[in-house]
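Q: File entry11.cif below, mmCIF, C-alpha atoms, pLDDT in the B column; chains and numbers go by the auth columns:
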data_protein
loop_
_atom_site.group_PDB
_atom_site.id
_atom_site.type_symbol
_atom_site.label_atom_id
_atom_site.label_comp_id
_atom_site.label_asym_id
_atom_site.label_seq_id
_atom_site.Cartn_x
_atom_site.Cartn_y
_atom_site.Cartn_z
_atom_site.B_iso_or_equiv
_atom_site.auth_seq_id
_atom_site.auth_asym_id
ATOM 1 C CA MET A 1 0.000 0.000 0.000 55.00 13 A
ATOM 2 C CA THR A 2 1.295 3.459 -0.964 66.00 14 A
ATOM 3 C CA THR A 3 1.962 5.772 1.973 73.00 15 A
ATOM 4 C CA PRO A 4 -0.153 8.952 1.722 80.00 16 A
ATOM 5 C CA GLU A 5 1.806 12.072 0.855 91.00 17 A
ATOM 6 C CA ILE A 6 2.653 14.485 3.661 92.00 18 A
ATOM 7 C CA THR A 7 0.756 17.758 3.321 93.00 19 A
ATOM 8 C CA LEU A 8 1.771 19.827 6.357 95.00 20 A
ATOM 9 C CA ALA A 9 4.718 19.232 8.674 95.00 21 A
ATOM 10 C CA THR A 10 6.326 21.114 11.541 93.00 22 A
ATOM 11 C CA GLN A 11 9.643 20.582 13.270 93.00 23 A
ATOM 12 C CA ASP A 12 10.335 22.230 16.620 94.00 24 A
ATOM 13 C CA LEU A 13 7.761 24.945 15.938 94.00 25 A
ATOM 14 C CA SER A 14 7.533 27.462 18.788 94.00 26 A
ATOM 15 C CA ILE A 15 5.166 30.411 19.287 91.00 27 A
ATOM 16 C CA PHE A 16 5.102 32.390 22.538 88.00 28 A
ATOM 17 C CA HIS A 17 4.603 29.771 25.293 88.00 29 A
ATOM 18 C CA VAL A 18 3.627 27.056 22.796 90.00 30 A
ATOM 19 C CA GLY A 19 6.136 24.463 21.637 85.00 31 A
ATOM 20 C CA PRO A 20 8.273 22.955 20.472 94.00 32 A
ATOM 21 C CA ILE A 21 5.614 21.340 18.275 93.00 33 A
ATOM 22 C CA ASN A 22 6.162 18.456 15.850 94.00 34 A
ATOM 23 C CA ILE A 23 3.176 17.517 13.690 93.00 35 A
ATOM 24 C CA THR A 24 2.884 15.584 10.433 94.00 36 A
ATOM 25 C CA LEU A 25 -0.375 15.684 8.479 95.00 37 A
ATOM 26 C CA HIS A 26 -0.946 13.306 5.559 95.00 38 A
ATOM 27 C CA GLU A 27 -3.377 13.428 2.653 94.00 39 A
ATOM 28 C CA ALA A 28 -7.018 12.913 3.682 93.00 40 A
ATOM 29 C CA GLN A 29 -5.999 12.786 7.347 95.00 41 A
ATOM 30 C CA CYS A 30 -7.682 14.620 10.193 96.00 42 A
ATOM 31 C CA ILE A 31 -5.848 15.067 13.483 96.00 43 A
ATOM 32 C CA GLY A 32 -7.979 15.982 16.479 96.00 44 A
ATOM 33 C CA LEU A 33 -6.645 18.430 19.050 95.00 45 A
ATOM 34 C CA SER A 34 -8.015 18.864 22.557 93.00 46 A
ATOM 35 C CA GLY A 35 -6.880 20.568 25.732 89.00 47 A
ATOM 36 C CA PRO A 36 -7.991 23.092 28.346 88.00 48 A
ATOM 37 C CA SER A 37 -8.873 26.661 27.390 84.00 49 A
ATOM 38 C CA GLY A 38 -5.832 28.910 27.247 84.00 50 A
ATOM 39 C CA CYS A 39 -3.307 26.119 26.690 85.00 51 A
ATOM 40 C CA GLY A 40 -2.334 27.414 23.238 87.00 52 A
ATOM 41 C CA LYS A 41 -4.451 25.470 20.731 91.00 53 A
ATOM 42 C CA SER A 42 -5.719 28.526 18.854 92.00 54 A
ATOM 43 C CA ILE A 43 -2.262 30.118 18.928 92.00 55 A
ATOM 44 C CA LEU A 44 -0.885 27.016 17.227 94.00 56 A
ATOM 45 C CA LEU A 45 -3.492 27.193 14.464 95.00 57 A
ATOM 46 C CA LYS A 46 -2.752 30.884 13.860 94.00 58 A
ATOM 47 C CA ALA A 47 0.959 30.110 13.561 94.00 59 A
ATOM 48 C CA LEU A 48 0.278 27.274 11.106 96.00 60 A
ATOM 49 C CA ALA A 49 -1.780 29.730 9.033 94.00 61 A
ATOM 50 C CA ASP A 50 1.158 32.171 9.043 92.00 62 A
ATOM 51 C CA LEU A 51 -0.790 34.706 11.087 92.00 63 A
ATOM 52 C CA LEU A 52 1.718 34.655 13.947 91.00 64 A
ATOM 53 C CA GLU A 53 5.485 34.680 13.709 89.00 65 A
ATOM 54 C CA SER A 54 7.038 31.408 14.842 91.00 66 A
ATOM 55 C CA LYS A 55 10.395 29.728 15.232 93.00 67 A
ATOM 56 C CA GLY A 56 11.259 26.310 13.837 92.00 68 A
ATOM 57 C CA THR A 57 10.329 24.689 10.539 91.00 69 A
ATOM 58 C CA LEU A 58 6.945 24.690 8.810 93.00 70 A
ATOM 59 C CA SER A 59 6.415 23.113 5.385 94.00 71 A
ATOM 60 C CA LEU A 60 3.633 22.368 2.923 95.00 72 A
ATOM 61 C CA LYS A 61 4.114 19.350 0.648 93.00 73 A
ATOM 62 C CA GLY A 62 7.825 19.504 1.293 89.00 74 A
ATOM 63 C CA GLN A 63 8.224 23.216 0.583 91.00 75 A
ATOM 64 C CA ALA A 64 9.271 25.450 3.461 90.00 76 A
ATOM 65 C CA SER A 65 6.885 28.238 4.418 91.00 77 A
ATOM 66 C CA SER A 66 9.733 30.707 3.928 88.00 78 A
ATOM 67 C CA GLY A 67 9.638 29.910 0.207 89.00 79 A
ATOM 68 C CA ILE A 68 5.908 30.569 -0.208 92.00 80 A
ATOM 69 C CA ASP A 69 4.399 34.065 -0.234 92.00 81 A
ATOM 70 C CA ALA A 70 2.155 34.645 2.778 90.00 82 A
ATOM 71 C CA PRO A 71 -1.070 35.273 0.764 91.00 83 A
ATOM 72 C CA GLU A 72 -0.512 32.073 -1.221 93.00 84 A
ATOM 73 C CA TRP A 73 0.229 30.102 1.949 93.00 85 A
ATOM 74 C CA ARG A 74 -2.994 31.330 3.565 93.00 86 A
ATOM 75 C CA LYS A 75 -4.999 30.199 0.558 93.00 87 A
ATOM 76 C CA LYS A 76 -3.583 26.699 0.836 96.00 88 A
ATOM 77 C CA VAL A 77 -3.586 26.531 4.642 96.00 89 A
ATOM 78 C CA GLN A 78 -6.957 27.938 5.672 95.00 90 A
ATOM 79 C CA LEU A 79 -7.831 28.866 9.241 95.00 91 A
ATOM 80 C CA ILE A 80 -11.527 28.703 10.091 93.00 92 A
ATOM 81 C CA PRO A 81 -11.662 30.423 13.504 90.00 93 A
ATOM 82 C CA ALA A 82 -14.312 29.867 16.143 85.00 94 A
ATOM 83 C CA GLU A 83 -15.619 33.392 15.507 87.00 95 A
ATOM 84 C CA SER A 84 -15.430 34.379 11.846 88.00 96 A
ATOM 85 C CA LEU A 85 -14.985 37.934 10.604 89.00 97 A
ATOM 86 C CA TRP A 86 -17.455 39.649 8.270 93.00 98 A
ATOM 87 C CA TRP A 87 -16.831 43.111 6.810 93.00 99 A
ATOM 88 C CA PHE A 88 -19.516 43.681 4.145 94.00 100 A
ATOM 89 C CA ASN A 89 -23.255 44.080 4.644 95.00 101 A
ATOM 90 C CA THR A 90 -24.466 40.981 2.799 95.00 102 A
ATOM 91 C CA VAL A 91 -23.278 37.388 2.680 96.00 103 A
ATOM 92 C CA GLY A 92 -22.679 37.275 -1.070 94.00 104 A
ATOM 93 C CA GLU A 93 -20.232 40.180 -0.974 94.00 105 A
ATOM 94 C CA HIS A 94 -17.813 37.965 0.972 95.00 106 A
ATOM 95 C CA PHE A 95 -17.614 35.380 -1.819 94.00 107 A
ATOM 96 C CA ARG A 96 -15.725 35.691 -5.104 92.00 108 A
ATOM 97 C CA HIS A 97 -18.165 33.393 -6.912 92.00 109 A
ATOM 98 C CA PRO A 98 -21.820 32.395 -6.411 93.00 110 A
ATOM 99 C CA ILE A 99 -22.060 29.937 -3.540 93.00 111 A
ATOM 100 C CA ASN A 100 -22.462 26.336 -4.636 93.00 112 A
ATOM 101 C CA GLN A 101 -26.140 25.504 -4.181 93.00 113 A
ATOM 102 C CA THR A 102 -25.500 21.845 -3.473 95.00 114 A
ATOM 103 C CA GLN A 103 -23.082 22.732 -0.698 95.00 115 A
ATOM 104 C CA LEU A 104 -25.632 25.089 0.851 96.00 116 A
ATOM 105 C CA GLN A 105 -28.200 22.295 0.875 95.00 117 A
ATOM 106 C CA GLN A 106 -25.698 19.829 2.348 96.00 118 A
ATOM 107 C CA LEU A 107 -25.156 22.216 5.253 96.00 119 A
ATOM 108 C CA SER A 108 -28.870 23.064 5.686 95.00 120 A
ATOM 109 C CA LEU A 109 -28.395 26.653 4.569 95.00 121 A
ATOM 110 C CA SER A 110 -30.962 28.572 2.553 93.00 122 A
ATOM 111 C CA THR A 111 -30.220 28.709 -1.169 91.00 123 A
ATOM 112 C CA ASP A 112 -30.922 32.465 -1.152 92.00 124 A
ATOM 113 C CA ILE A 113 -28.675 33.189 1.829 95.00 125 A
ATOM 114 C CA GLU A 114 -26.302 35.227 -0.355 94.00 126 A
ATOM 115 C CA GLN A 115 -28.822 38.084 -0.312 94.00 127 A
ATOM 116 C CA GLN A 116 -29.175 38.086 3.471 94.00 128 A
ATOM 117 C CA ALA A 117 -27.621 40.721 5.708 96.00 129 A
ATOM 118 C CA VAL A 118 -24.769 39.402 7.804 94.00 130 A
ATOM 119 C CA ASN A 119 -26.209 40.963 10.967 93.00 131 A
ATOM 120 C CA GLN A 120 -29.300 38.769 10.554 94.00 132 A
ATOM 121 C CA LEU A 121 -27.340 35.517 10.588 93.00 133 A
ATOM 122 C CA SER A 122 -27.059 33.213 13.559 93.00 134 A
ATOM 123 C CA THR A 123 -23.635 32.238 14.880 92.00 135 A
ATOM 124 C CA GLY A 124 -24.142 28.738 13.481 92.00 136 A
ATOM 125 C CA GLN A 125 -24.939 30.076 10.017 94.00 137 A
ATOM 126 C CA LYS A 126 -21.806 32.223 10.117 94.00 138 A
ATOM 127 C CA GLN A 127 -19.701 29.198 11.076 93.00 139 A
ATOM 128 C CA ARG A 128 -20.941 27.161 8.130 95.00 140 A
ATOM 129 C CA LEU A 129 -20.629 30.051 5.689 96.00 141 A
ATOM 130 C CA ALA A 130 -17.099 30.791 6.888 95.00 142 A
ATOM 131 C CA LEU A 131 -16.179 27.219 5.990 95.00 143 A
ATOM 132 C CA LEU A 132 -17.670 27.563 2.500 96.00 144 A
ATOM 133 C CA ARG A 133 -15.844 30.869 2.056 95.00 145 A
ATOM 134 C CA ALA A 134 -12.551 29.191 2.957 95.00 146 A
ATOM 135 C CA LEU A 135 -13.190 26.309 0.552 95.00 147 A
ATOM 136 C CA GLU A 136 -13.396 28.688 -2.411 93.00 148 A
ATOM 137 C CA CYS A 137 -9.586 28.563 -2.471 92.00 149 A
ATOM 138 C CA LYS A 138 -9.519 24.745 -2.514 95.00 150 A
ATOM 139 C CA PRO A 139 -7.140 24.618 0.473 96.00 151 A
ATOM 140 C CA THR A 140 -4.795 21.718 1.054 96.00 152 A
ATOM 141 C CA VAL A 141 -5.061 22.060 4.845 97.00 153 A
ATOM 142 C CA LEU A 142 -8.014 23.080 7.016 97.00 154 A
ATOM 143 C CA LEU A 143 -7.318 24.459 10.489 97.00 155 A
ATOM 144 C CA LEU A 144 -10.630 24.091 12.289 97.00 156 A
ATOM 145 C CA ASP A 145 -11.172 25.845 15.617 94.00 157 A
ATOM 146 C CA GLU A 146 -14.361 24.456 17.189 93.00 158 A
ATOM 147 C CA PRO A 147 -16.228 24.518 13.829 93.00 159 A
ATOM 148 C CA THR A 148 -19.455 23.067 15.264 91.00 160 A
ATOM 149 C CA ALA A 149 -19.542 24.885 18.606 88.00 161 A
ATOM 150 C CA SER A 150 -22.779 26.709 17.742 87.00 162 A
ATOM 151 C CA LEU A 151 -24.555 23.903 15.879 90.00 163 A
ATOM 152 C CA ASP A 152 -27.219 21.456 17.019 92.00 164 A
ATOM 153 C CA LYS A 153 -26.681 17.710 16.778 93.00 165 A
ATOM 154 C CA ASP A 154 -28.170 17.312 13.293 94.00 166 A
ATOM 155 C CA ASN A 155 -26.200 20.158 11.735 94.00 167 A
ATOM 156 C CA THR A 156 -23.053 19.050 13.553 94.00 168 A
ATOM 157 C CA GLN A 157 -23.299 15.636 11.908 95.00 169 A
ATOM 158 C CA LYS A 158 -23.884 17.217 8.492 95.00 170 A
ATOM 159 C CA LEU A 159 -20.853 19.486 8.832 96.00 171 A
ATOM 160 C CA GLU A 160 -18.660 16.615 10.043 96.00 172 A
ATOM 161 C CA ALA A 161 -19.618 14.532 7.010 96.00 173 A
ATOM 162 C CA PHE A 162 -19.152 17.517 4.697 96.00 174 A
ATOM 163 C CA ILE A 163 -15.597 18.139 5.910 96.00 175 A
ATOM 164 C CA GLN A 164 -14.675 14.465 5.799 96.00 176 A
ATOM 165 C CA ASP A 165 -15.882 14.268 2.185 96.00 177 A
ATOM 166 C CA TYR A 166 -13.851 17.364 1.291 96.00 178 A
ATOM 167 C CA LEU A 167 -10.682 15.878 2.764 96.00 179 A
ATOM 168 C CA LYS A 168 -11.177 12.604 0.916 95.00 180 A
ATOM 169 C CA ASP A 169 -12.170 14.124 -2.430 95.00 181 A
ATOM 170 C CA ASN A 170 -9.368 16.696 -2.451 95.00 182 A
ATOM 171 C CA LYS A 171 -6.613 14.719 -0.703 94.00 183 A
ATOM 172 C CA ALA A 172 -6.569 17.519 1.851 96.00 184 A
ATOM 173 C CA SER A 173 -5.920 17.277 5.573 97.00 185 A
ATOM 174 C CA ALA A 174 -7.194 18.947 8.740 97.00 186 A
ATOM 175 C CA LEU A 175 -6.234 19.838 12.264 97.00 187 A
ATOM 176 C CA TRP A 176 -9.501 19.958 14.225 97.00 188 A
ATOM 177 C CA ILE A 177 -9.835 21.566 17.673 94.00 189 A
ATOM 178 C CA SER A 178 -12.752 20.347 19.769 93.00 190 A
ATOM 179 C CA HIS A 179 -13.661 20.025 23.437 91.00 191 A
ATOM 180 C CA ASP A 180 -15.957 17.117 22.539 92.00 192 A
ATOM 181 C CA PRO A 181 -14.034 13.811 22.769 91.00 193 A
ATOM 182 C CA GLU A 182 -16.846 11.929 21.042 93.00 194 A
ATOM 183 C CA GLN A 183 -16.605 14.262 18.064 94.00 195 A
ATOM 184 C CA LEU A 184 -12.855 13.771 17.778 94.00 196 A
ATOM 185 C CA ASN A 185 -13.398 10.007 17.920 94.00 197 A
ATOM 186 C CA ARG A 186 -15.707 10.349 14.922 94.00 198 A
ATOM 187 C CA VAL A 187 -13.709 12.698 12.715 95.00 199 A
ATOM 188 C CA SER A 188 -10.030 12.098 13.451 95.00 200 A
ATOM 189 C CA THR A 189 -7.555 9.344 12.677 91.00 201 A
ATOM 190 C CA GLN A 190 -5.163 10.557 15.375 93.00 202 A
ATOM 191 C CA GLN A 191 -5.729 12.568 18.554 94.00 203 A
ATOM 192 C CA LEU A 192 -3.385 14.951 20.312 93.00 204 A
ATOM 193 C CA SER A 193 -3.793 16.781 23.597 93.00 205 A
ATOM 194 C CA MET A 194 -2.171 20.102 24.439 91.00 206 A
ATOM 195 C CA ASN A 195 -1.186 21.016 27.975 89.00 207 A
ATOM 196 C CA ASN A 196 0.957 23.999 28.917 86.00 208 A
ATOM 197 C CA GLY A 197 1.868 24.521 25.286 86.00 209 A
ATOM 198 C CA LEU A 198 3.092 20.974 24.638 88.00 210 A
ATOM 199 C CA LEU A 199 1.497 18.103 22.738 89.00 211 A
ATOM 200 C CA ASP A 200 0.842 14.573 23.942 84.00 212 A
ATOM 201 C CA THR A 201 -0.501 11.743 21.784 80.00 213 A
ATOM 202 C CA ILE A 202 -3.828 10.336 22.976 79.00 214 A
ATOM 203 C CA SER A 203 -4.350 7.794 20.225 66.00 215 A
#
If you convert what's in this file into structure tokens, what do you get?
A:
Amino acid sequence: MTTPEITLATQDLSIFHVGPINITLHEAQCIGLSGPSGCGKSILLKALADLLESKGTLSLKGQASSGIDAPEWRKKVQLIPAESLWWFNTVGEHFRHPINQTQLQQLSLSTDIEQQAVNQLSTGQKQRLALLRALECKPTVLLLDEPTASLDKDNTQKLEAFIQDYLKDNKASALWISHDPEQLNRVSTQQLSMNNGLLDTIS
């Protein structure tokens, strides 16, 4: 059996009080990340997305981050934060192309949601739309910070399946932060725990 290609890798990555961190993500793999609030999980994701300066080595498909322009890196390594940012009045203005109608239906979003005002959206709608906005760039790596925190059980299951299909169909990978151990059991092939800025392998 052919070993899946490595997408994202770090070696002795350090950011503030976090690290050194060594992670290897392979094609179609999802690694789950848990740990107490404030331990550095979100800081790690921001560093992987090149939003925070870090020490150590960070590479994408064998190419060092230092050799990739920051805007290009952030297209390929997409951070979907727990609270997404919205700067225009309507949903559609935040997308470069019309939103895929099938994807909207898969995530239980209205097919005319592009015309809605952002300030009329629920937190759960914003979370799902932020994911679709990120996927416009066809990223190789998804950095997911509590992506279902504001969703009910049914919509959580739909989003989990949606992301898993994306990873499989696009040979992409994900690092998924969640405080729900049952969720990480469902979505991840490996689980890590962060404590005091360091990682331990759970499974």
Q: Once the PyMOL selection byres ((chain A and resi 87) around 10) is applied to the coordinates I shared, what remains selected? I want it as number ranges by chain.
A: A: 61, 82-86, 88-91, 146-153
Q: Pick the closest to Thr201 of chain A from A:Ala161, A:Ala59, A:Ala129, A:Leu37: which is it, counting only C-alpha atoms?
A: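 Smallest separation from Thr201 of chain A among the options: A:Leu37.
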Q: Could you tell me which residues the PyMOL selection byres ((chain A and resi 170-185) around 10) grabs in this file, written as a PyMOL selection string?
A: chain A and resi 16-20+37-43+88-89+115+118-120+140+143+147+150-155+159-160+163+165-169+186-188+195+198-200
Q: Can you work out which one of A:Leu210, A:Ala21, A:Leu141, A:Val103 has the shortest atom-to-atom distance to Gly52 of chain A, counting only C-alpha atoms?
A: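 Closest candidate: A:Leu210.
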Q: One number please: atom CA of Ile214 of chain A to atom CA of Asp164 of chain A, in Å, one decimal.
A: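 Atom CA of Asp164 of chain A lies 26.6 Å from atom CA of Ile214 of chain A.
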Q: Given the choices A:Gln117, A:Ser71, A:Gln128, A:Ser78, which gets closest to Phe100 of chain A if the distance is worked out from only C-alpha atoms?
A: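 For Phe100 of chain A, the nearest of the candidates is A:Gln128.
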Q: When the PyMOL selection byres ((chain A and resi 26) around 10) is applied to the file above, which residues end up in the set, as a PDB file with C-alpha atoms, keeping the file's coordinate frame?
A:
ATOM      1  CA  THR A  22       6.326  21.114  11.541  1.00 93.00           C
ATOM      2  CA  GLN A  23       9.643  20.582  13.270  1.00 93.00           C
ATOM      3  CA  ASP A  24      10.335  22.230  16.620  1.00 94.00           C
ATOM      4  CA  LEU A  25       7.761  24.945  15.938  1.00 94.00           C
ATOM      5  CA  ILE A  27       5.166  30.411  19.287  1.00 91.00           C
ATOM      6  CA  PHE A  28       5.102  32.390  22.538  1.00 88.00           C
ATOM      7  CA  HIS A  29       4.603  29.771  25.293  1.00 88.00           C
ATOM      8  CA  VAL A  30       3.627  27.056  22.796  1.00 90.00           C
ATOM      9  CA  GLY A  31       6.136  24.463  21.637  1.00 85.00           C
ATOM     10  CA  PRO A  32       8.273  22.955  20.472  1.00 94.00           C
ATOM     11  CA  ILE A  33       5.614  21.340  18.275  1.00 93.00           C
ATOM     12  CA  ASN A  34       6.162  18.456  15.850  1.00 94.00           C
ATOM     13  CA  LEU A  56      -0.885  27.016  17.227  1.00 94.00           C
ATOM     14  CA  ALA A  59       0.959  30.110  13.561  1.00 94.00           C
ATOM     15  CA  GLU A  65       5.485  34.680  13.709  1.00 89.00           C
ATOM     16  CA  SER A  66       7.038  31.408  14.842  1.00 91.00           C
ATOM     17  CA  LYS A  67      10.395  29.728  15.232  1.00 93.00           C
ATOM     18  CA  GLY A  68      11.259  26.310  13.837  1.00 92.00           C
ATOM     19  CA  THR A  69      10.329  24.689  10.539  1.00 91.00           C
ATOM     20  CA  GLY A 209       1.868  24.521  25.286  1.00 86.00           C
ATOM     21  CA  LEU A 210       3.092  20.974  24.638  1.00 88.00           C
TER      22      LEU A 210
END
Q: Pick the closest to Leu63 of chain A from A:Ala142, A:Pro93, A:Glu126, A:Gly44: which is it, counting all atoms listed in the file?
A: A:Pro93
Q: By how many Å are atom CA of Leu57 of chain A and atom CA of Glu194 of chain A apart?
A: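 These atoms are spaced 21.3 Å apart.
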Q: Would you mind telling me which residue in A:Asp192, A:Gln202, A:Val130, A:Cys51 lies nearest to Trp99 of chain A when using all atoms listed in the file?
A: A:Val130
Q: To one decimal place in Å, what is the distance between atom CA of Lys58 of chain A and atom CA of Ile189 of chain A?
A: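 Taking atom CA of Lys58 of chain A and atom CA of Ile189 of chain A, their separation equals 12.3 Å.
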Q: I'd like the contact shell of Ser162 of chain A - 10 Å cut-off, only C-alpha atoms, skipping same-chain residues fewer than 4 positions apart - returned as a PDB file with C-alpha atoms, in the frame of the given file.
A:
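Ended up saving to part_22.pdb:
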ATOM      1  CA  ALA A  94     -14.312  29.867  16.143  1.00 85.00           C
ATOM      2  CA  SER A 134     -27.059  33.213  13.559  1.00 93.00           C
ATOM      3  CA  THR A 135     -23.635  32.238  14.880  1.00 92.00           C
ATOM      4  CA  GLY A 136     -24.142  28.738  13.481  1.00 92.00           C
ATOM      5  CA  GLN A 137     -24.939  30.076  10.017  1.00 94.00           C
ATOM      6  CA  LYS A 138     -21.806  32.223  10.117  1.00 94.00           C
ATOM      7  CA  GLN A 139     -19.701  29.198  11.076  1.00 93.00           C
ATOM      8  CA  ARG A 140     -20.941  27.161   8.130  1.00 95.00           C
ATOM      9  CA  GLU A 158     -14.361  24.456  17.189  1.00 93.00           C
ATOM     10  CA  ASN A 167     -26.200  20.158  11.735  1.00 94.00           C
ATOM     11  CA  THR A 168     -23.053  19.050  13.553  1.00 94.00           C
TER      12      THR A 168
END
Q: If you count only C-alpha atoms, which residues fall within 10 Å of Gln113 of chain A, apart from same-chain ones fewer than 3 positions away, as a count of residues only?
A: 8
Q: Name the closest residue to Thr36 of chain A among the candidates A:Ser49, A:Ser54, A:Leu70, A:His191; distances are taken between atoms, counting all atoms listed in the file.
A: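 Checking each of A:Ser49, A:Ser54, A:Leu70, A:His191 against Thr36 of chain A, counting all atoms listed in the file, the winner is A:Leu70.
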Q: Save N, CA and C atoms of segment 169-184 of chain A from the block above as a compact mmCIF listing (two decimals), in the first residue's frame.
A:
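What landed in decode.txt:
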# COMPACT_ATOMS: atom_id res chain seq x y z
N GLN A 169 -23.57 16.85 12.68
CA GLN A 169 -23.30 15.64 11.91
C GLN A 169 -23.15 15.94 10.43
N LYS A 170 -23.98 16.86 9.91
CA LYS A 170 -23.88 17.22 8.49
C LYS A 170 -22.55 17.89 8.19
N LEU A 171 -22.12 18.79 9.07
CA LEU A 171 -20.85 19.49 8.83
C LEU A 171 -19.67 18.53 8.95
N GLU A 172 -19.73 17.61 9.91
CA GLU A 172 -18.66 16.62 10.04
C GLU A 172 -18.53 15.81 8.76
N ALA A 173 -19.64 15.33 8.24
CA ALA A 173 -19.62 14.53 7.01
C ALA A 173 -19.13 15.36 5.83
N PHE A 174 -19.54 16.62 5.78
CA PHE A 174 -19.15 17.52 4.70
C PHE A 174 -17.63 17.70 4.67
N ILE A 175 -17.05 17.94 5.84
CA ILE A 175 -15.60 18.14 5.91
C ILE A 175 -14.86 16.86 5.57
N GLN A 176 -15.34 15.73 6.09
CA GLN A 176 -14.67 14.47 5.80
C GLN A 176 -14.70 14.16 4.30
N ASP A 177 -15.81 14.47 3.64
CA ASP A 177 -15.88 14.27 2.19
C ASP A 177 -14.90 15.19 1.46
N TYR A 178 -14.79 16.43 1.93
CA TYR A 178 -13.85 17.36 1.29
C TYR A 178 -12.42 16.84 1.40
N LEU A 179 -12.04 16.39 2.58
CA LEU A 179 -10.68 15.88 2.76
C LEU A 179 -10.41 14.70 1.84
N LYS A 180 -11.35 13.79 1.75
CA LYS A 180 -11.18 12.60 0.92
C LYS A 180 -11.13 12.97 -0.57
N ASP A 181 -12.06 13.81 -1.00
CA ASP A 181 -12.17 14.12 -2.43
C ASP A 181 -11.01 14.98 -2.92
N ASN A 182 -10.41 15.76 -2.04
CA ASN A 182 -9.37 16.70 -2.45
C ASN A 182 -7.98 16.33 -1.93
N LYS A 183 -7.88 15.16 -1.30
CA LYS A 183 -6.61 14.72 -0.70
C LYS A 183 -6.04 15.81 0.22
N ALA A 184 -6.95 16.47 0.91
CA ALA A 184 -6.57 17.52 1.85
C ALA A 184 -6.46 16.93 3.25
